[in-house]
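Asker: First, the structure itself, so that you have it in front of you.
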Amino acid sequence: MEFWTRQQAITFFGKRIYPIEKMTILVNDPPQFLDHYYHFAAELWLGMWRMIGGHLDPKIGPRGETSVEDPVRIIFAHSARGQWRDKIGYNQYFVHATFPSIGIETAEDWFGRALMTQGSPGDEEDNGEGGSAKAWRFDRVLLVDRSAAFRAPTTGHYTHRTAGSAFISNRDTASPYWWETVRRRVLRFAGVPNVTLDYAIGDPIVQKQLEINLPLPPIVISYISRQGWRRRLVEEDHALLLLSLQDLCRKKGWELVLFHPEKYTLDEQLQIAARSTVGFLRLNSR
Amino acid sequence: MSLGSRYCRPTRRDLFVACVSAFCALLWFQTSQSHQFRGRRDEDNWPHHGSTRQNPLDTSRIAGGLAGGAMSMFMPSTTVFAHHAGWTLFENLYMHNGSLLVISDEDVSSFPERRLMTSTGRHPPNLCNLPSILLIYKHVLAGLPAADEPGNSEGTFSQLIMWRNT
C-alpha cells in the first residue's frame, strides 16, 4: 500500500481512473487460512459482516433486517482458482447462501487487473493527459489482512482470532443482532423453518416489541461424534459417554442427538446445528 | 377491383373480433403481471433478504468526495470509514499494477498505520504461495503448456498446488 498526494496521482494517471462499483471484499490472505472452513467461517466471514453490517447499519433488526446492500464481489487476491475452497464445500456454501449474487475473483483476475493498469505515467505539463498508466478505483472496499490483524494485541495477544479485531472495532455501536443477517440467510438456505430461526429471540422484551410470544425452545444436546476418524475417543469411552448422556437427557427431558456429520448433507448438518441448544465434542486440537 | 383487396378489407365483424381479443389480451397480461409482482414482494417467496432500505451513509460520503473540485469527479480522495487491525473499510481506494494506493492530501498520520492495514499477503512458511502465483502468471499471460503437458519445467510447482488442494 502506498500513500500518494492528489497532485502526484493526477500527474501519473490523468483521468484514466476506472471505478469498481459498490462494495468489494478484498481478501489479502494466503490460501492456507482460507481453505479450511473453520478459518473461513469463524474468522473471515464473521469479521466481514461485523465490519460491513456492524458499521454500516447499527440498527440491524432482531431478525437480521438490514439496510446494507450486499457486497458485489469478493476478491481472493492471493488464492488461485479453487485454492480458497475447503474440502467439504462449506466456504462456497456460506458465501453464496449469504450473498447469492456475489461475484468471485481470484489471483488470476487480480493479476489481470494489475496488468491492465500498466503504462507510462503522464507528466505535470498536461495534467497527466499524455500518459497511459491507469488505476482502478474501488467505491467501497473492505480490506481483510490476517497478518495485519495479528500485529495488534486484540488478535495477536488476546483472542488469536482475526474476527476479534473486527468485533472490537465497533463493540459500542454495532447492533446486538448484527449476526442474525448472515445466520438467517445461511440457515434459511439450508431449509431451517422460521420457528427454529426464532429460537434466537429469547428476550421477552424483544418478543413483546415484535408482537410475538414464543414458547421456550426444546433443549437439544448434539453429540458431534468423531468416531471413525483419526483423532477420536477409545471405543469404550465413547460408549460410556453416550450412555451417560442418554441417562442425563432422559432424567431432564432433553433431546439427545448422536451426530455423525459425515453422514449428512450440508443442508442437514446445518438443520441439526440450528436446532441444537448445545452441540459439543470435537476431540481434536481444534 | 382485384380479388386481393376485397378479401383483405376488414368487415365490421373482423373489427369486433379484433377489439374483443385485444381487450382479453390486456386483461390477461395485466393480471399475470400483477401476480408476478405480488409474488416477488412477498418476503416468504423471497427468503434471502429482509426489507432493504437505501443506505443513508452512501450519499453523504460520496457527496463529500465530489465537492472537492472537477478532478475529484474522477479521483475522489481515499477515506477510511472504519478500522481495526487487519480490517479496514475504505472509500475510494485505488489499485495500480497490483499495489493499493491511498490518494489523499490529508497527512499520512491521519490514516491508520500501514502495517495494521495490510501485509505482503504471503505467509513465509508456506512455500506454495509464491510459486503458485508465478505459475498462474505465466500460464495466463504467456500461454505456457499446462502442468501435465510435456516440456513444462514448472511441473513441480503445479504439483505443489495439487498437493495443497487434495
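Chain identifiers are assigned as A, B, and so on, following the order in which chains appear in the C-alpha cells; residues are numbered from 1 within each chain, and ligands are numbered from 1 in order of appearance.
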Skip segment 192-205 of chain A itself and residues of its chain fewer than 6 positions away, then list as a list in words all residues within 10 Å of it, counting only C-alpha atoms.

Answerer: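 Listing them by chain and then by number gives Pro62, Arg63, Tyr177, Glu180, Arg183, Arg184, Arg185, Val186, Glu211, Ile212, Asn213, Leu214, Pro215, Leu216, Pro217, Pro218, Asp267, Glu268, Leu270, Gln271, Ile272, Ala273, Ala274, Arg275, Ser276 and Thr277 of chain A.
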
Asker: Would you mind exporting the chosen residues as a short mmCIF file (atom, residue, chain, number, x, y, z; two decimals), in the first residue's frame, restricted to C-alpha atoms?

Answerer:
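Contents of the output file out.cif:
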```cif
data_model
loop_
_atom_site.label_atom_id
_atom_site.label_comp_id
_atom_site.auth_asym_id
_atom_site.auth_seq_id
_atom_site.Cartn_x
_atom_site.Cartn_y
_atom_site.Cartn_z
CA PRO A 62 -33.74 -8.90 15.71
CA ARG A 63 -34.48 -10.94 12.60
CA TYR A 177 -28.45 -8.61 16.37
CA GLU A 180 -28.66 -12.51 12.58
CA ARG A 183 -27.11 -16.58 10.32
CA ARG A 184 -30.65 -16.46 9.00
CA ARG A 185 -29.69 -16.27 5.36
CA VAL A 186 -27.45 -19.33 5.63
CA GLU A 211 -45.63 -8.82 18.98
CA ILE A 212 -44.74 -12.47 19.13
CA ASN A 213 -44.93 -14.88 22.01
CA LEU A 214 -42.61 -17.80 21.60
CA PRO A 215 -42.76 -20.93 23.72
CA LEU A 216 -39.43 -21.98 25.25
CA PRO A 217 -37.46 -23.85 22.62
CA PRO A 218 -36.85 -27.54 23.29
CA ASP A 267 -28.18 -28.75 4.45
CA GLU A 268 -28.95 -31.44 7.02
CA LEU A 270 -26.93 -27.04 9.38
CA GLN A 271 -30.51 -28.04 10.21
CA ILE A 272 -29.26 -30.10 13.15
CA ALA A 273 -26.89 -27.35 14.27
CA ALA A 274 -29.72 -24.81 14.15
CA ARG A 275 -31.91 -26.99 16.39
CA SER A 276 -29.19 -27.70 18.94
CA THR A 277 -29.11 -25.89 22.24
#
```

Asker: Show me, as a PyMOL selection string, every residue of chain A with an atom at most 6 Å from chain B, counting only C-alpha atoms.

Answerer: chain A and resi 1-6+28-30+65+67+114-115+117-118+135-146+148-149+152+165+169+185

Asker: Mind writing the picked residues with C-alpha atoms as a tab-separated table (two decimals), in the first residue's frame?

Answerer:
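Contents of again-v1.tsv, freshly written:
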```tsv
chain	number	residue	atom	x	y	z
A	1	MET	CA	0.00	0.00	0.00
A	2	GLU	CA	1.29	3.41	-0.94
A	3	PHE	CA	0.22	6.91	0.02
A	4	TRP	CA	0.05	9.39	-2.86
A	5	THR	CA	-0.94	13.04	-2.86
A	6	ARG	CA	-3.67	14.07	-5.26
A	28	ASN	CA	-5.28	-10.29	1.23
A	29	ASP	CA	-4.65	-13.68	2.88
A	30	PRO	CA	-2.80	-16.72	1.60
A	65	GLU	CA	-33.30	-6.95	8.75
A	67	SER	CA	-30.34	-1.58	5.06
A	114	ALA	CA	-2.93	-5.27	-12.34
A	115	LEU	CA	-1.51	-5.77	-15.84
A	117	THR	CA	-3.19	-0.71	-15.47
A	118	GLN	CA	0.42	-0.76	-16.59
A	135	ALA	CA	-5.81	2.89	-11.95
A	136	TRP	CA	-8.86	1.10	-10.63
A	137	ARG	CA	-10.91	2.90	-8.02
A	138	PHE	CA	-12.85	0.81	-5.50
A	139	ASP	CA	-16.02	2.62	-4.46
A	140	ARG	CA	-16.00	0.86	-1.15
A	141	VAL	CA	-13.74	-1.91	-0.10
A	142	LEU	CA	-13.24	-3.99	2.99
A	143	LEU	CA	-9.56	-4.89	3.11
A	144	VAL	CA	-9.01	-8.03	5.15
A	145	ASP	CA	-5.47	-8.87	6.20
A	146	ARG	CA	-4.68	-11.66	8.60
A	148	ALA	CA	-2.01	-7.12	9.96
A	149	ALA	CA	-4.63	-8.31	12.44
A	152	ALA	CA	-2.24	-5.66	17.22
A	165	SER	CA	-10.29	-7.24	15.93
A	169	SER	CA	-13.83	-2.10	16.27
A	185	ARG	CA	-29.69	-16.27	5.36
```

Asker: Quick one: pull the distance between atom CA of Ile102 of chain A and atom CA of Val72 of chain A, Å, one decimal.

Answerer: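 Rounded to one decimal, the two atoms are 5.0 Å apart.
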